[in-house]
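Asker: For reference, this is coords.cif, and it has mmCIF, C-alpha atoms.
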```
data_work
#
loop_
_atom_site.label_atom_id
_atom_site.label_comp_id
_atom_site.auth_asym_id
_atom_site.auth_seq_id
_atom_site.Cartn_x
_atom_site.Cartn_y
_atom_site.Cartn_z
CA MET Q 1 -5.86 -51.60 107.95
CA VAL Q 2 -2.10 -51.74 107.92
CA CYS Q 3 -1.97 -48.68 105.68
CA THR Q 4 -4.39 -46.69 107.83
CA ALA Q 5 -3.80 -47.67 111.44
CA ASP Q 6 -0.57 -49.71 111.75
CA LEU Q 7 -1.42 -52.83 113.71
CA PRO Q 8 1.34 -53.51 116.21
CA ASN Q 9 2.20 -56.99 114.95
CA GLU Q 10 2.03 -56.21 111.26
CA LEU Q 11 5.57 -54.92 110.94
CA PRO Q 12 7.27 -56.87 109.60
CA TYR Q 13 4.51 -59.08 108.23
CA PHE Q 14 5.41 -62.16 110.25
CA SER Q 15 8.90 -62.01 108.87
CA ALA Q 16 10.70 -65.20 108.03
CA SER Q 17 14.33 -65.83 108.80
CA GLY Q 18 14.74 -68.87 106.55
CA ALA Q 19 15.99 -72.38 107.19
CA PRO Q 20 16.45 -73.94 109.67
CA ASN Q 21 14.17 -71.57 111.64
CA ASP Q 22 11.10 -71.76 109.40
CA MET Q 23 9.89 -73.05 106.03
CA PHE Q 24 9.98 -69.66 104.28
CA PRO Q 25 12.83 -68.00 102.41
CA ALA Q 26 14.72 -65.41 104.42
CA GLN Q 27 13.29 -61.88 104.13
CA ALA Q 28 14.90 -58.52 104.63
CA PRO Q 29 13.51 -56.46 107.53
CA TYR Q 30 10.42 -54.43 106.59
CA THR Q 31 10.73 -50.95 108.06
CA HIS Q 32 8.23 -48.18 108.79
CA GLU Q 33 9.77 -46.23 105.91
CA MET Q 34 9.19 -49.12 103.51
CA LEU Q 35 5.60 -49.55 104.72
CA THR Q 36 4.89 -45.82 104.42
CA GLN Q 37 6.28 -45.74 100.87
CA HIS Q 38 4.23 -48.79 99.88
CA CYS Q 39 1.00 -47.43 101.38
CA GLN Q 40 1.43 -43.99 99.82
CA SER Q 41 2.26 -45.31 96.34
CA THR Q 42 -0.37 -48.06 96.34
CA PHE Q 43 -3.29 -46.54 98.26
CA GLY Q 44 -2.46 -42.87 98.73
CA GLN Q 45 -2.54 -43.46 102.49
CA THR Q 46 0.00 -42.81 105.24
CA PRO Q 47 -0.14 -45.19 108.22
CA ARG Q 48 -1.02 -43.56 111.53
CA TYR Q 49 1.66 -45.17 113.66
CA GLY Q 50 0.49 -45.56 117.26
CA TYR Q 51 -3.15 -44.91 116.34
CA TYR Q 52 -4.56 -47.92 118.18
CA ASN Q 53 -2.69 -47.15 121.37
CA GLN Q 54 -4.29 -43.72 121.38
CA ALA Q 55 -7.75 -44.72 120.11
CA LEU Q 56 -8.12 -47.63 122.51
CA GLY Q 57 -6.78 -45.71 125.46
CA VAL Q 58 -3.69 -47.86 125.94
CA ASP Q 59 -1.69 -44.74 126.73
CA ALA Q 60 -4.13 -43.98 129.58
CA VAL Q 61 -4.19 -47.48 131.07
CA ALA Q 62 -2.22 -46.27 134.11
CA ALA Q 63 -5.35 -44.41 135.26
CA SER Q 64 -7.10 -47.78 135.71
CA SER Q 65 -6.75 -50.51 138.29
CA ASN Q 66 -7.30 -54.23 138.83
CA ILE Q 67 -6.36 -55.43 135.35
CA VAL Q 68 -4.40 -58.52 134.36
CA PHE Q 69 -2.81 -58.60 130.92
CA ALA Q 70 -1.76 -62.14 130.01
CA ASN Q 71 0.48 -62.43 126.97
CA GLY Q 72 1.34 -65.70 125.28
CA LEU Q 73 4.64 -65.23 123.51
CA LEU Q 74 3.62 -67.65 120.74
CA ASP Q 75 0.85 -65.21 119.85
CA PRO Q 76 1.97 -62.76 117.15
CA TRP Q 77 -0.35 -60.15 118.72
CA SER Q 78 1.73 -60.17 121.91
CA SER Q 79 4.03 -57.59 120.30
CA GLY Q 80 1.27 -55.04 120.86
CA GLY Q 81 0.52 -56.17 124.40
CA ILE Q 82 1.29 -54.80 127.85
CA MET Q 83 4.45 -56.76 128.65
CA SER Q 84 5.37 -55.41 132.09
CA ASN Q 85 3.48 -54.35 135.19
CA VAL Q 86 2.12 -50.83 134.91
CA SER Q 87 1.40 -50.54 138.65
CA ASP Q 88 0.65 -52.70 141.69
CA THR Q 89 -2.84 -53.34 140.32
CA ILE Q 90 -2.20 -53.42 136.55
CA LEU Q 91 -0.24 -56.60 136.03
CA ALA Q 92 1.36 -58.31 133.06
CA PHE Q 93 1.72 -62.08 133.14
CA ILE Q 94 3.93 -63.58 130.44
CA ILE Q 95 3.28 -67.09 129.15
CA PRO Q 96 6.36 -68.18 127.16
CA GLU Q 97 4.66 -71.30 125.76
CA GLY Q 98 1.24 -69.69 125.38
CA ALA Q 99 -0.76 -68.54 122.40
CA HIS Q 100 -3.74 -66.24 121.94
CA HIS Q 101 -6.11 -66.57 124.94
CA LEU Q 102 -4.69 -69.95 125.99
CA ASP Q 103 -4.96 -68.98 129.65
CA LEU Q 104 -8.72 -68.42 129.20
CA PHE Q 105 -9.44 -71.88 127.79
CA PHE Q 106 -10.43 -74.81 130.00
CA SER Q 107 -7.46 -76.60 131.51
CA ASN Q 108 -6.06 -79.55 129.65
CA PRO Q 109 -3.48 -82.15 130.77
CA GLN Q 110 -1.32 -81.04 127.83
CA ASP Q 111 -1.21 -77.38 128.94
CA PRO Q 112 2.35 -76.08 129.24
CA PRO Q 113 3.47 -75.43 132.83
CA SER Q 114 3.68 -71.68 132.18
CA VAL Q 115 -0.05 -71.60 131.31
CA THR Q 116 -1.00 -73.53 134.44
CA GLN Q 117 1.10 -71.17 136.57
CA VAL Q 118 -0.38 -68.01 135.06
CA ARG Q 119 -3.92 -69.32 135.54
CA LYS Q 120 -3.14 -69.81 139.25
CA GLN Q 121 -1.70 -66.29 139.46
CA GLU Q 122 -4.75 -64.81 137.71
CA VAL Q 123 -7.20 -66.57 140.06
CA ALA Q 124 -5.19 -65.59 143.15
CA GLN Q 125 -4.99 -61.96 142.05
CA ILE Q 126 -8.69 -61.71 141.24
CA LYS Q 127 -9.61 -63.34 144.58
CA LYS Q 128 -7.39 -60.78 146.32
CA TRP Q 129 -9.09 -57.86 144.56
CA VAL Q 130 -12.57 -59.22 145.34
CA ALA Q 131 -11.62 -59.67 149.02
CA GLU Q 132 -10.26 -56.12 149.17
CA PHE Q 133 -13.48 -54.80 147.62
CA ASP Q 134 -15.63 -56.82 150.04
CA ALA Q 135 -13.62 -55.55 153.02
CA GLU Q 136 -13.90 -51.95 151.83
CA LYS Q 137 -17.63 -52.37 151.26
CA LYS Q 138 -18.05 -53.87 154.76
CA ASP Q 139 -16.09 -50.99 156.33
CA LYS Q 140 -18.31 -48.44 154.60
CA LYS Q 141 -21.45 -50.27 155.70
CA HIS Q 142 -20.42 -50.17 159.36
CA SER Q 143 -19.09 -46.63 159.41
CA PRO Q 144 -21.33 -44.02 161.06
CA ARG Q 145 -23.44 -42.13 158.61
CA GLN Q 146 -23.30 -38.42 158.52
CA SER Q 147 -26.54 -36.54 158.32
CA VAL Q 148 -26.91 -34.09 155.52
CA ASN Q 149 -28.74 -30.81 155.98
CA LEU Q 150 -30.60 -30.07 152.78
CA LYS Q 151 -31.65 -26.55 153.79
#
```
Any chance you could put this one into structure tokens?
Answerer:
Amino acid sequence: MVCTADLPNELPYFSASGAPNDMFPAQAPYTHEMLTQHCQSTFGQTPRYGYYNQALGVDAVAASSNIVFANGLLDPWSSGGIMSNVSDTILAFIIPEGAHHLDLFFSNPQDPPSVTQVRKQEVAQIKKWVAEFDAEKKDKKHSPRQSVNLK
């Protein structure tokens, strides 16, 4: 997949900086040019950089509303996430001590404070959107209906 669609977190392949930061030997940065050369010489393929953003509609997300993107910074996939608010109704919540989907798991006494806080923000925001929808629905129900002449 890396040589056909360029996954956002695959460059560099979870690079290591060496001791004392991790248990792996230090690695030189792995660039798009290096990846392209490797893919072309090994598989005859050229990565389509940005393909997933286009194919999944990430570039058109601004046309949506009422979305919360929660990103745990311990999750290597967060590099491909929405990391800042797109609008007043498309929100990005950052969880510094969070990993993949940690905010969606059941609460645990050992949850980091940032996870607990984001869960509260998510619930409050969703309750707000539901209340706004209910109020709009109620207003439409009580508004006078216009008759339509089908002739």
Asker: Calculate how many Å separate atom CA of Q:Tyr30 from atom CA of Q:Met83, rounding to one decimal.
Answerer: 23.0 Å
Asker: Please report as a tab-separated table every residue of stretch 15-82 of chain Q lying within 10 Å of stretch 119-139 of chain Q, along with the nearest atom pair and their distance in Å (one decimal), using all atoms listed in the file.
Answerer:
```
residue	atom	partner	partner_atom	distance
Q:Ser65	CA	Q:Trp129	CA	9.9
Q:Asn66	CA	Q:Trp129	CA	7.0
Q:Ile67	CA	Q:Ile126	CA	8.9
Q:Val68	CA	Q:Glu122	CA	7.1
Q:Phe69	CA	Q:Glu122	CA	9.4
Q:Ala70	CA	Q:Glu122	CA	8.7
```
Asker: In Å, rounded to a single decimal, give me how far atom CA of Q:Val2 is from atom CA of Q:Leu35.
Answerer: 8.6 Å
Asker: Just checking: using all atoms listed in the file, which residue out of Q:Met34, Q:Ile90, Q:Ala5, Q:Met23 ends up closest to Q:Arg48?
Answerer: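 Of Q:Met34, Q:Ile90, Q:Ala5, Q:Met23, the one nearest Q:Arg48 is Q:Ala5, counting all atoms listed in the file.
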Asker: Have a look at Q:Val115, Q:Ala62, Q:Ala99, Q:Gln40 and name the one nearest to Q:Asn85; count all atoms listed in the file.
Answerer: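 Counting all atoms listed in the file, the residue closest to Q:Asn85 is Q:Ala62.
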